[in-house]
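J.: Contents are mmCIF, C-alpha atoms; file name work_2.cif:
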```
data_upload
#
loop_
_atom_site.label_atom_id
_atom_site.label_comp_id
_atom_site.auth_asym_id
_atom_site.auth_seq_id
_atom_site.Cartn_x
_atom_site.Cartn_y
_atom_site.Cartn_z
CA MET E 24 12.36 16.92 -28.12
CA SER E 25 9.11 15.17 -27.31
CA ALA E 26 7.33 16.10 -24.09
CA ARG E 27 8.15 12.64 -22.74
CA GLU E 28 11.89 13.17 -23.33
CA VAL E 29 11.78 16.58 -21.63
CA ALA E 30 9.86 15.27 -18.61
CA ALA E 31 12.03 12.16 -18.31
CA ALA E 32 15.18 14.29 -18.13
CA VAL E 33 14.01 16.43 -15.18
CA LEU E 34 16.19 15.70 -12.14
CA ASP E 35 14.90 14.64 -8.76
CA PRO E 36 15.24 17.66 -6.42
CA GLU E 37 16.58 15.61 -3.49
CA LEU E 38 18.59 12.96 -5.34
CA PRO E 39 19.80 15.08 -8.27
CA VAL E 40 21.89 12.20 -9.66
CA LEU E 41 18.64 10.61 -10.77
CA THR E 42 16.08 11.77 -13.29
CA LEU E 43 12.40 11.45 -12.43
CA ALA E 44 12.29 8.58 -14.92
CA ASP E 45 15.20 6.79 -13.16
CA LEU E 46 13.47 7.20 -9.82
CA GLY E 47 10.31 5.65 -11.22
CA VAL E 48 7.94 8.43 -10.16
CA LEU E 49 7.13 9.49 -13.73
CA ARG E 50 4.08 7.41 -14.59
CA ASP E 51 2.81 8.93 -17.83
CA VAL E 52 3.31 11.78 -20.28
CA HIS E 53 0.41 12.48 -22.60
CA GLU E 54 0.65 15.01 -25.42
CA ASP E 55 -2.51 16.43 -26.93
CA GLY E 56 -1.56 19.22 -29.34
CA ASP E 57 -0.02 21.97 -27.20
CA HIS E 58 -1.42 20.50 -24.02
CA VAL E 59 0.74 18.10 -22.00
CA VAL E 60 -0.46 16.04 -19.06
CA VAL E 61 2.32 14.60 -16.90
CA THR E 62 1.45 12.04 -14.24
CA ILE E 63 3.75 11.50 -11.28
CA THR E 64 3.49 9.58 -8.00
CA PRO E 65 4.95 10.49 -4.59
CA THR E 66 7.66 8.32 -3.04
CA TYR E 67 6.38 8.93 0.52
CA SER E 68 2.99 10.45 1.46
CA GLY E 69 4.65 13.45 3.07
CA CYS E 70 7.50 13.90 0.62
CA PRO E 71 7.93 17.69 0.32
CA ALA E 72 9.85 17.24 -2.94
CA LEU E 73 6.61 16.49 -4.77
CA ASP E 74 5.68 20.16 -5.07
CA GLU E 75 9.20 20.91 -6.24
CA MET E 76 8.97 18.18 -8.89
CA ARG E 77 5.69 19.62 -10.11
CA ALA E 78 7.26 23.07 -10.45
CA ASP E 79 10.38 21.69 -12.18
CA LEU E 80 8.31 19.73 -14.69
CA THR E 81 6.20 22.76 -15.51
CA ARG E 82 9.27 24.93 -15.88
CA SER E 83 11.17 22.49 -18.14
CA LEU E 84 8.19 21.80 -20.39
CA THR E 85 7.35 25.49 -20.67
CA ALA E 86 10.96 26.23 -21.60
CA ALA E 87 10.75 23.51 -24.27
CA GLY E 88 7.81 25.31 -25.84
CA TYR E 89 4.82 23.50 -24.38
CA THR E 90 2.37 26.25 -23.50
CA SER E 91 -0.14 24.29 -21.49
CA VAL E 92 1.22 21.89 -18.87
CA GLU E 93 -0.76 19.97 -16.30
CA VAL E 94 0.90 17.80 -13.66
CA ARG E 95 -1.27 15.15 -12.03
CA THR E 96 -0.54 12.95 -9.05
CA VAL E 97 -1.53 9.31 -8.75
CA LEU E 98 -1.29 7.32 -5.54
CA ALA E 99 -1.87 3.85 -6.94
CA PRO E 100 -0.04 1.65 -7.58
CA ALA E 101 2.06 2.92 -4.68
CA TRP E 102 5.71 3.65 -5.38
CA THR E 103 8.29 1.23 -4.01
CA THR E 104 12.04 1.20 -4.45
CA ASP E 105 11.50 -1.54 -7.07
CA TRP E 106 10.31 1.26 -9.38
CA ILE E 107 13.86 2.67 -9.54
CA SER E 108 15.36 1.68 -12.90
CA ASP E 109 18.52 -0.42 -13.25
CA ASP E 110 20.19 2.70 -14.61
CA GLY E 111 19.02 4.55 -11.50
CA LEU E 112 20.53 1.95 -9.17
CA ARG E 113 23.84 2.16 -11.03
CA LYS E 114 23.88 5.98 -10.86
CA LEU E 115 23.18 5.96 -7.11
CA ALA E 116 26.11 3.61 -6.47
CA GLU E 117 28.39 5.72 -8.69
CA HIS E 118 27.58 8.75 -6.57
CA GLY E 119 28.34 7.09 -3.26
CA ILE E 120 24.77 6.25 -2.28
CA ALA E 121 24.11 2.57 -1.63
CA PRO E 122 21.14 1.55 -3.79
CA PRO E 123 18.20 -0.46 -2.39
CA SER E 124 17.96 -4.19 -3.05
CA ARG E 125 15.12 -5.49 -5.18
CA ILE E 126 12.28 -6.77 -3.03
CA GLY E 127 9.86 -8.29 -5.50
CA ARG E 128 6.40 -9.44 -4.52
CA ARG E 129 5.47 -8.96 -0.89
CA GLY E 130 3.08 -10.61 1.45
CA PRO E 131 2.11 -9.70 5.02
CA VAL E 132 4.35 -7.14 6.72
CA PRO E 133 6.72 -8.91 9.11
CA LEU E 134 7.71 -7.36 12.42
CA ASN E 135 11.48 -6.75 12.57
CA LEU E 136 12.78 -6.73 16.10
CA GLU E 137 16.38 -6.35 14.95
CA PRO E 138 17.79 -4.06 12.28
CA PRO E 139 18.05 -6.14 9.10
CA ALA E 140 21.36 -8.00 8.69
CA ALA E 141 23.91 -6.11 6.65
CA ARG E 142 23.56 -6.99 3.02
CA VAL E 143 24.33 -3.44 2.00
CA ALA E 144 27.68 -3.07 0.27
CA CYS E 145 29.79 0.02 0.89
CA PRO E 146 29.53 2.15 -2.26
CA ARG E 147 33.22 3.12 -1.95
CA CYS E 148 35.10 -0.11 -1.24
CA GLY E 149 32.42 -2.74 -1.79
CA SER E 150 32.83 -4.23 1.68
CA LEU E 151 29.81 -5.99 3.15
CA ARG E 152 31.02 -5.19 6.66
CA THR E 153 28.67 -2.22 7.03
CA ARG E 154 26.36 -1.25 9.85
CA GLU E 155 23.38 1.02 10.28
CA LEU E 156 24.06 4.31 12.05
CA SER E 157 20.56 5.72 11.78
CA ARG E 158 17.33 4.32 10.38
CA PHE E 159 16.41 7.76 9.08
CA GLY E 160 18.58 10.08 7.02
CA SER E 161 18.61 13.46 5.36
CA THR E 162 15.52 12.62 3.31
CA ALA E 163 12.56 10.33 3.94
CA CYS E 164 13.94 7.69 1.58
CA LYS E 165 17.42 7.24 3.05
CA ALA E 166 19.12 5.64 6.05
CA LEU E 167 22.65 6.31 7.25
CA ARG E 168 25.29 3.55 7.38
CA ALA E 169 29.02 3.25 7.95
CA CYS E 170 31.61 0.89 6.47
CA GLY E 171 33.66 -1.25 8.86
CA ASP E 172 36.59 -1.49 6.44
CA CYS E 173 37.13 1.90 4.83
CA LYS E 174 35.39 3.58 7.81
CA GLU E 175 33.42 5.94 5.59
CA PRO E 176 29.83 6.79 6.45
CA PHE E 177 27.41 6.63 3.52
CA GLU E 178 23.75 6.96 2.69
CA HIS E 179 21.51 4.05 1.73
CA VAL E 180 18.23 4.31 -0.12
CA LYS E 181 16.18 2.02 2.09
CA GLU E 182 13.95 -0.65 0.63
CA ILE E 183 10.25 0.01 0.93
CA MET B 20 14.28 46.99 -4.16
CA ASN B 21 12.66 45.02 -1.38
CA ALA B 22 15.16 42.61 0.14
CA TYR B 23 12.38 40.16 0.86
CA GLU B 24 11.03 40.09 -2.67
CA GLY B 25 12.67 36.78 -3.45
CA LEU B 26 10.83 35.18 -0.57
CA VAL B 27 7.29 36.01 -1.57
CA ASP B 28 5.05 33.94 -3.77
CA THR B 29 6.16 34.05 -7.38
CA GLY B 30 3.14 32.17 -8.61
CA GLU B 31 5.00 28.89 -8.71
CA GLU B 32 4.23 26.10 -6.32
CA ARG B 33 7.52 26.45 -4.56
CA HIS B 34 6.70 27.70 -1.11
CA TRP B 35 6.26 25.00 1.45
CA ALA B 36 3.90 26.54 3.95
CA PHE B 37 0.21 26.60 4.45
CA GLY B 38 -1.79 28.73 2.07
CA THR B 39 0.63 28.54 -0.82
CA GLY B 40 0.37 25.94 -3.52
CA PHE B 41 -0.68 23.18 -1.18
CA THR B 42 -4.10 22.70 -2.68
CA ALA B 43 -3.31 19.86 -5.02
CA ALA B 44 -2.87 16.97 -2.59
CA LEU B 45 -5.23 14.71 -4.50
CA SER B 46 -4.88 16.18 -7.97
CA GLY B 47 -5.37 13.48 -10.56
CA VAL B 48 -6.41 10.75 -8.14
CA ASP B 49 -9.68 9.02 -9.05
CA ARG B 50 -11.91 10.90 -6.68
CA ALA B 51 -15.36 9.60 -7.58
CA LEU B 52 -17.32 8.95 -4.42
CA PRO B 53 -18.31 5.29 -3.97
CA ALA B 54 -21.92 4.44 -4.78
CA GLU B 55 -24.55 4.65 -2.04
CA VAL B 56 -22.37 6.31 0.51
CA ASP B 57 -23.54 8.77 3.14
CA THR B 58 -21.11 11.61 2.50
CA GLU B 59 -21.44 12.88 6.05
CA ASP B 60 -20.23 9.52 7.34
CA LEU B 61 -17.41 9.35 4.81
CA THR B 62 -16.30 12.83 5.87
CA ALA B 63 -16.38 11.81 9.53
CA TYR B 64 -14.38 8.65 8.82
CA CYS B 65 -11.71 10.51 6.85
CA LEU B 66 -11.46 12.99 9.72
CA MET B 67 -10.98 10.17 12.24
CA LEU B 68 -8.04 8.70 10.35
CA GLY B 69 -6.69 12.08 9.24
CA ASP B 70 -6.87 13.64 12.71
CA ASP B 71 -5.06 10.66 14.28
CA ALA B 72 -2.17 11.29 11.88
CA LEU B 73 -2.25 15.09 12.15
CA ILE B 74 -2.28 15.25 15.94
CA LEU B 75 0.42 12.62 16.44
CA SER B 76 2.49 14.40 13.81
CA GLN B 77 2.21 17.59 15.86
CA ARG B 78 3.21 15.75 19.05
CA LEU B 79 6.24 14.12 17.38
CA ALA B 80 7.35 17.45 15.92
CA GLU B 81 7.65 18.76 19.49
CA TRP B 82 10.70 16.51 19.83
CA CYS B 83 12.58 18.36 17.12
CA SER B 84 15.97 19.33 18.62
CA ARG B 85 15.06 17.71 21.96
CA ALA B 86 15.49 13.99 21.31
CA PRO B 87 18.20 12.04 23.19
CA GLU B 88 20.42 11.96 20.10
CA LEU B 89 20.63 13.72 16.75
CA GLU B 90 19.64 10.58 14.81
CA GLU B 91 16.47 10.38 16.85
CA ASP B 92 15.63 14.01 16.12
CA VAL B 93 15.78 13.11 12.46
CA ALA B 94 13.84 9.88 12.97
CA LEU B 95 10.92 11.39 14.88
CA ALA B 96 10.73 14.32 12.45
CA ASN B 97 10.65 11.88 9.51
CA ILE B 98 7.89 9.84 11.12
CA ALA B 99 5.97 13.06 11.79
CA LEU B 100 6.40 14.03 8.14
CA ASP B 101 5.02 10.69 6.91
CA LEU B 102 1.99 11.11 9.17
CA LEU B 103 1.50 14.71 8.07
CA GLY B 104 1.49 13.51 4.46
CA GLN B 105 -1.19 10.94 5.29
CA ALA B 106 -3.18 13.59 7.17
CA ARG B 107 -3.11 15.97 4.19
CA LEU B 108 -4.52 13.33 1.86
CA LEU B 109 -7.20 12.28 4.33
CA LEU B 110 -8.29 15.81 5.26
CA THR B 111 -8.45 16.74 1.59
CA ARG B 112 -10.67 13.71 1.03
CA ALA B 113 -12.83 14.72 4.02
CA ALA B 114 -13.28 18.22 2.58
CA GLU B 115 -14.12 16.76 -0.80
CA ALA B 116 -16.68 14.26 0.51
CA ASP B 117 -18.25 17.02 2.55
CA GLY B 118 -18.86 19.04 -0.61
CA VAL B 119 -18.59 22.33 1.26
CA ALA B 120 -16.04 24.78 -0.08
CA CYS B 121 -13.21 24.10 2.36
CA ASP B 122 -9.81 22.47 2.19
CA GLU B 123 -7.24 20.63 4.30
CA ASP B 124 -5.95 23.86 5.86
CA THR B 125 -9.40 25.04 6.90
CA LEU B 126 -9.98 21.67 8.54
CA ALA B 127 -6.60 21.54 10.27
CA PHE B 128 -6.42 25.12 11.46
CA THR B 129 -9.94 26.40 12.05
CA ARG B 130 -11.82 23.54 13.67
CA ASP B 131 -12.37 23.70 17.40
CA GLU B 132 -11.51 20.95 19.85
CA HIS B 133 -14.93 19.25 19.81
CA GLU B 134 -14.73 18.93 16.01
CA PHE B 135 -11.54 16.84 16.06
CA ARG B 136 -12.16 13.10 15.83
CA ASN B 137 -8.77 11.65 16.77
CA VAL B 138 -8.36 9.02 19.48
CA ARG B 139 -7.13 10.44 22.78
CA LEU B 140 -3.95 8.32 22.65
CA VAL B 141 -2.39 10.64 20.07
CA GLU B 142 -3.14 13.91 21.87
CA ILE B 143 -1.82 13.22 25.37
CA ASP B 144 1.47 14.84 26.32
CA CYS B 145 4.17 12.15 26.30
CA GLY B 146 7.04 14.61 26.46
CA PRO B 147 9.43 16.25 25.91
CA GLY B 148 8.81 18.09 29.12
CA PRO B 149 7.00 17.07 32.25
CA GLY B 150 4.18 15.21 30.45
CA GLY B 151 6.42 12.25 29.70
CA ASP B 152 9.77 11.32 28.24
CA PHE B 153 11.35 9.56 25.28
CA ALA B 154 10.26 6.13 26.54
CA ALA B 155 6.62 7.23 26.85
CA THR B 156 6.82 8.62 23.32
CA ILE B 157 8.20 5.30 22.07
CA ALA B 158 5.50 3.39 23.97
CA ARG B 159 2.81 5.46 22.28
CA LEU B 160 4.44 5.08 18.87
CA LEU B 161 4.63 1.31 19.32
CA VAL B 162 0.93 1.02 20.17
CA PHE B 163 -0.25 3.53 17.60
CA SER B 164 1.80 2.29 14.66
CA THR B 165 0.86 -1.34 15.38
CA TYR B 166 -2.81 -0.35 15.40
CA ARG B 167 -2.54 1.87 12.34
CA LEU B 168 -0.62 -0.69 10.32
CA ALA B 169 -3.32 -3.32 10.98
CA LEU B 170 -5.98 -0.74 10.08
CA LEU B 171 -4.32 0.44 6.86
CA GLN B 172 -3.71 -3.11 5.69
CA ARG B 173 -7.45 -3.80 5.87
CA LEU B 174 -8.28 -0.43 4.37
CA THR B 175 -6.36 -1.23 1.17
CA GLY B 176 -9.47 -3.21 0.19
CA SER B 177 -11.84 -0.27 0.77
CA ARG B 178 -14.55 0.52 -1.78
CA ASP B 179 -13.43 4.15 -1.62
CA PRO B 180 -10.59 4.39 -4.18
CA VAL B 181 -8.91 7.27 -2.34
CA LEU B 182 -8.92 5.57 1.07
CA ALA B 183 -7.60 2.38 -0.56
CA ALA B 184 -4.78 4.28 -2.29
CA VAL B 185 -3.84 6.31 0.81
CA ALA B 186 -3.77 3.08 2.82
CA ALA B 187 -1.61 1.19 0.31
CA LYS B 188 0.92 3.99 0.44
CA GLY B 189 0.76 4.33 4.23
CA VAL B 190 1.32 0.62 4.93
CA LYS B 191 4.97 0.80 3.89
CA GLU B 192 5.58 3.95 5.92
CA VAL B 193 3.87 2.81 9.10
CA ALA B 194 5.56 -0.61 8.96
CA TYR B 195 8.87 1.24 9.24
CA HIS B 196 7.56 3.33 12.16
CA ARG B 197 6.46 0.17 13.96
CA ASP B 198 9.87 -1.47 13.52
CA HIS B 199 11.54 1.67 14.83
CA ALA B 200 9.36 1.76 17.95
CA ALA B 201 9.73 -2.00 18.54
CA GLN B 202 13.53 -1.83 18.26
CA TRP B 203 13.68 1.07 20.73
CA THR B 204 11.35 -0.77 23.11
CA LEU B 205 13.84 -3.65 23.15
CA ARG B 206 16.82 -1.34 23.65
CA LEU B 207 15.22 0.58 26.49
CA ALA B 208 13.81 -2.50 28.22
CA GLY B 209 17.12 -4.35 27.91
CA GLY B 210 19.37 -1.37 28.63
CA THR B 211 20.05 -0.10 32.12
CA GLU B 212 17.84 -0.45 35.17
CA PHE B 213 16.85 3.18 34.69
CA SER B 214 15.95 2.87 31.01
CA ARG B 215 13.89 -0.23 31.76
CA GLU B 216 12.05 1.59 34.54
CA ARG B 217 11.23 4.42 32.13
CA MET B 218 10.00 1.99 29.45
CA VAL B 219 7.70 0.27 31.95
CA ALA B 220 6.42 3.66 33.15
CA GLY B 221 5.94 4.78 29.53
CA LEU B 222 3.75 1.80 28.72
CA GLU B 223 1.72 2.42 31.88
CA ARG B 224 1.30 6.05 30.83
CA VAL B 225 -0.25 5.20 27.47
CA TRP B 226 -2.10 1.99 28.31
CA PRO B 227 -5.34 3.61 29.61
CA PHE B 228 -5.84 4.97 26.08
CA VAL B 229 -5.45 1.64 24.24
CA ASP B 230 -9.02 0.31 24.56
CA GLU B 231 -10.42 3.32 22.74
CA LEU B 232 -8.57 2.28 19.57
CA PHE B 233 -10.72 -0.82 19.29
CA ALA B 234 -14.08 0.58 20.35
CA PRO B 235 -16.53 0.06 17.49
CA HIS B 236 -17.96 3.34 16.22
CA PRO B 237 -21.37 3.90 14.57
CA VAL B 238 -19.71 5.75 11.67
CA GLU B 239 -17.68 2.62 10.84
CA ALA B 240 -20.81 0.47 11.02
CA ARG B 241 -22.61 2.77 8.58
CA LEU B 242 -19.83 2.47 5.99
CA PRO B 243 -19.72 -1.26 5.15
CA GLY B 244 -17.02 -2.10 2.63
CA ILE B 245 -15.51 1.36 3.02
CA ALA B 246 -14.48 1.61 6.67
CA VAL B 247 -12.74 -0.98 8.84
CA ASP B 248 -14.46 -2.27 11.98
CA SER B 249 -11.90 -1.34 14.66
CA ALA B 250 -12.96 -4.14 16.97
CA THR B 251 -11.72 -6.72 14.46
CA LEU B 252 -8.16 -5.38 14.68
CA ARG B 253 -7.62 -6.20 18.34
CA ALA B 254 -6.41 -9.79 18.04
CA GLU B 255 -3.86 -8.91 15.38
CA VAL B 256 -2.54 -5.91 17.31
CA ASP B 257 -2.34 -7.89 20.56
CA GLU B 258 -0.33 -10.60 18.85
CA VAL B 259 2.27 -8.13 17.58
CA LEU B 260 2.51 -6.29 20.92
CA ASP B 261 2.84 -9.59 22.80
CA THR B 262 5.71 -10.58 20.49
CA VAL B 263 7.51 -7.32 21.31
CA PHE B 264 6.79 -7.63 25.04
CA ALA B 265 8.03 -11.22 25.11
CA ALA B 266 11.27 -10.28 23.34
CA ALA B 267 11.74 -7.35 25.74
CA SER B 268 10.72 -9.37 28.84
CA LEU B 269 8.03 -6.84 29.57
CA ALA B 270 4.61 -7.54 31.01
CA ARG B 271 1.48 -6.10 29.48
CA PRO B 272 0.52 -3.21 31.81
CA GLU B 273 -2.41 -3.76 34.11
CA VAL B 274 -4.02 -0.36 34.09
CA SER B 275 -7.73 0.38 33.76
CA PRO B 276 -8.84 2.07 30.55
CA LEU B 277 -9.71 5.75 30.68
CA ALA B 278 -13.46 6.17 30.92
CA THR B 279 -15.50 7.81 28.17
CA VAL B 280 -17.88 10.68 28.90
CA ALA B 281 -21.40 9.25 28.62
CA GLY B 282 -20.09 6.83 26.00
CA ARG B 283 -18.34 9.55 24.02
CA GLY B 284 -14.58 9.70 23.50
CA GLY B 285 -12.05 11.20 21.12
CA ARG B 286 -13.82 9.90 18.02
CA ASP B 287 -16.89 11.94 19.09
CA GLY B 288 -14.95 15.11 19.84
CA VAL B 289 -14.61 14.57 23.60
CA HIS B 290 -10.93 15.06 24.38
CA THR B 291 -8.53 15.29 27.30
CA GLU B 292 -7.23 18.52 28.78
CA ALA B 293 -4.06 18.29 26.69
CA MET B 294 -5.94 18.77 23.41
CA GLY B 295 -6.77 22.44 23.88
CA TYR B 296 -3.16 23.37 24.56
CA LEU B 297 -2.00 21.35 21.56
CA LEU B 298 -4.47 23.07 19.23
CA ALA B 299 -3.61 26.50 20.60
CA GLU B 300 -0.02 25.99 19.53
CA MET B 301 -0.80 24.26 16.23
CA GLN B 302 -3.42 26.77 15.07
CA HIS B 303 -2.02 29.98 16.52
CA VAL B 304 -0.32 31.42 13.45
CA HIS B 305 -3.11 30.55 11.04
CA ARG B 306 -5.78 32.02 13.27
CA SER B 307 -3.81 35.18 14.09
CA MET B 308 -3.17 35.93 10.44
CA PRO B 309 -5.87 34.33 8.33
CA GLY B 310 -4.84 33.88 4.71
CA ALA B 311 -1.23 34.85 5.35
CA THR B 312 1.37 33.50 2.92
CA TRP B 313 5.13 33.48 3.06
#
```
Just give me the structure of the file as structure tokens.
T.:
Amino acid sequence: MSAREVAAAVLDPELPVLTLADLGVLRDVHEDGDHVVVTITPTYSGCPALDEMRADLTRSLTAAGYTSVEVRTVLAPAWTTDWISDDGLRKLAEHGIAPPSRIGRRGPVPLNLEPPAARVACPRCGSLRTRELSRFGSTACKALRACGDCKEPFEHVKEI
Amino acid sequence: MNAYEGLVDTGEERHWAFGTGFTAALSGVDRALPAEVDTEDLTAYCLMLGDDALILSQRLAEWCSRAPELEEDVALANIALDLLGQARLLLTRAAEADGVACDEDTLAFTRDEHEFRNVRLVEIDCGPGPGGDFAATIARLLVFSTYRLALLQRLTGSRDPVLAAVAAKGVKEVAYHRDHAAQWTLRLAGGTEFSRERMVAGLERVWPFVDELFAPHPVEARLPGIAVDSATLRAEVDEVLDTVFAAASLARPEVSPLATVAGRGGRDGVHTEAMGYLLAEMQHVHRSMPGATW
């Protein structure tokens, strides 16, 4: 397998249904003989999973026979949920986590005095009658919601 | 066989504590220093922005397990974590610009009070405990995140590639913090008579520290194109705060600003009484056991 294929298959430590490639944090894999340089970007500035990703990448590439692995971090362009691949969005929904909507180009940051209107579909029954339980969830990237129809609580990868 | 063997450093970057594998905060980022920059000023500026984030992160972490509801425990801890992430990047940049062999940990854990350059707003005790309460904490978060969002948005155009990148990343995080604080301000102000009273008192508690955020500083003036002139942020911040106050039917507090000491404030290392206690707690372990790892 090429170094790119190995790196792309490494799973995200906190959302293990996604690979680093699905999540959009894998920016570049450069092979130079035995030396591999992998470039990743953090989702949030304080995301503790970044160190874990670095270790996982090194471990997987070493196991695949690459003797010299270097993992670099880039901050720009900053990660947004738009970097998650279509495949990634599908996998999140399949595993009961509501995926973020696409945001596209952004301008000035608006002040939101109300929680955003529910446009988040329940990943179990598809109902749009969902509400936010908590703006922050088990990881920096998720919020907690509940469905008004099937009554199940679920996680939502919030748009940033 | 030592039962604790599995816990000690195995040489992999897997241990999330100071002193172990946390040295690569800026690895791979374009770190060239901008042309014609006074590195002492750049260091000072990175410390100002980094210390603001570090000290508020410490204050927010004090709420862990003590917030009014579980969701808020998680929220304040997440906000603290975002700010800690920003602080790490900025302190690493400060150490790098300084050129002396030190790192983010040395800066965070071994500087004394007069060497910290944060504004006094972030260090004061807003609770939990007798220094304040949840409403005071929300009032501070509202003011601080509104100010920091305006600042980071301008900073995305900085000539320093690291400051610009840290800012671009931070904008999205701090925008979420500001929404959170604004939504709580509305809930508390529009809740019961008691919650409204606490929200009003909370704003009065933090308001004496607001002017300092916009006081122009010589370090900013000496870094044209790199730093943001704080004074230029005031109108934008006021507009956002007035929008929140109008929606919450709150009046802007009429409280005099806290005086500086011969013109020197937090940005110059002159802090309030609360700062020493905060540092004692934050730095205790590192100073008791220098170089310790888990």
J.: Check what the PyMOL selection byres ((chain B and resi 169) around 12) selects in the file above and give those residues as a PyMOL selection string.
T.: (chain E and resi 131-134) or (chain B and resi 162-168+170-175+186-187+189-191+193-194+197+232-233+247-260)
J.: Selected by the PyMOL selection byres ((chain B and resi 154-158) around 6) in the shown coordinates: which residues, as a PyMOL selection string?
T.: chain B and resi 145+151-153+159-161+200+217-218+221-222
J.: I need the residues from that last selection saved to file as a compact mmCIF listing (two decimals), in the coordinates of the input (with C-alpha atoms), if you can.
T.:
```txt
# COMPACT_ATOMS: atom_id res chain seq x y z
CA CYS B 145 4.17 12.15 26.30
CA GLY B 151 6.42 12.25 29.70
CA ASP B 152 9.77 11.32 28.24
CA PHE B 153 11.35 9.56 25.28
CA ARG B 159 2.81 5.46 22.28
CA LEU B 160 4.44 5.08 18.87
CA LEU B 161 4.63 1.31 19.32
CA ALA B 200 9.36 1.76 17.95
CA ARG B 217 11.23 4.42 32.13
CA MET B 218 10.00 1.99 29.45
CA GLY B 221 5.94 4.78 29.53
CA LEU B 222 3.75 1.80 28.72
```
J.: So which one's closest to Gly285 of chain B, B:Cys121, B:Leu66, B:Leu89, B:Leu110? Using only C-alpha atoms, please.
T.: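 Of all the options, B:Leu66 lies closest to Gly285 of chain B.
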J.: Quick one: contact table of chain E to chain B, 8 Å max, nearest atom pair and distance in Å to one decimal per residue, counting all atoms listed in the file, chain and number order, as a tab-separated table?
T.:
```
residue	atom	partner	partner_atom	distance
E:Thr62	CA	B:Gly47	CA	7.9
E:Tyr67	CA	B:Asp101	CA	6.8
E:Ser68	CA	B:Gly104	CA	4.5
E:Gly69	CA	B:Gly104	CA	3.5
E:Cys70	CA	B:Gly104	CA	7.1
E:Pro71	CA	B:Trp35	CA	7.6
E:Asp74	CA	B:Glu32	CA	6.2
E:Glu75	CA	B:Arg33	CA	6.0
E:Arg77	CA	B:Glu32	CA	7.6
E:Ala78	CA	B:Glu32	CA	6.0
E:Arg95	CA	B:Gly47	CA	4.7
E:Thr96	CA	B:Gly47	CA	5.1
E:Val97	CA	B:Val48	CA	5.1
E:Leu98	CA	B:Ala184	CA	5.7
E:Ala99	CA	B:Ala184	CA	5.5
E:Pro100	CA	B:Ala184	CA	7.6
E:Ala101	CA	B:Lys188	CA	5.4
E:Trp102	CA	B:Lys188	CA	7.5
E:Val132	CA	B:Ala194	CA	7.0
E:Leu134	CA	B:Asp198	CA	6.4
E:Asn135	CA	B:Asp198	CA	5.6
E:Leu136	CA	B:Gln202	CA	5.4
E:Glu137	CA	B:Gln202	CA	6.3
E:Pro138	CA	B:Gln202	CA	7.7
E:Ser157	CA	B:Glu90	CA	5.8
E:Arg158	CA	B:Ala94	CA	7.1
E:Phe159	CA	B:Ala94	CA	5.1
E:Gly160	CA	B:Val93	CA	6.8
E:Ser161	CA	B:Val93	CA	7.7
E:Thr162	CA	B:Asn97	CA	7.9
E:Ala163	CA	B:Asn97	CA	6.1
E:Ile183	CA	B:Lys191	CA	6.1
```
J.: Might you pull out every residue within 10 Å of Met76 of chain E, with all atoms listed in the file counted and same-chain residues fewer than 5 positions away left off, and present them as a count of residues only?
T.: 15
J.: Do you know which residues are at most 12 Å from segment 124-127 of chain E counting all atoms listed in the file, after dropping those on the same chain fewer than 6 positions away, and could you put them as a ChimeraX atom specification?
T.: /E:103-109,112-113,116,141-144,179-183
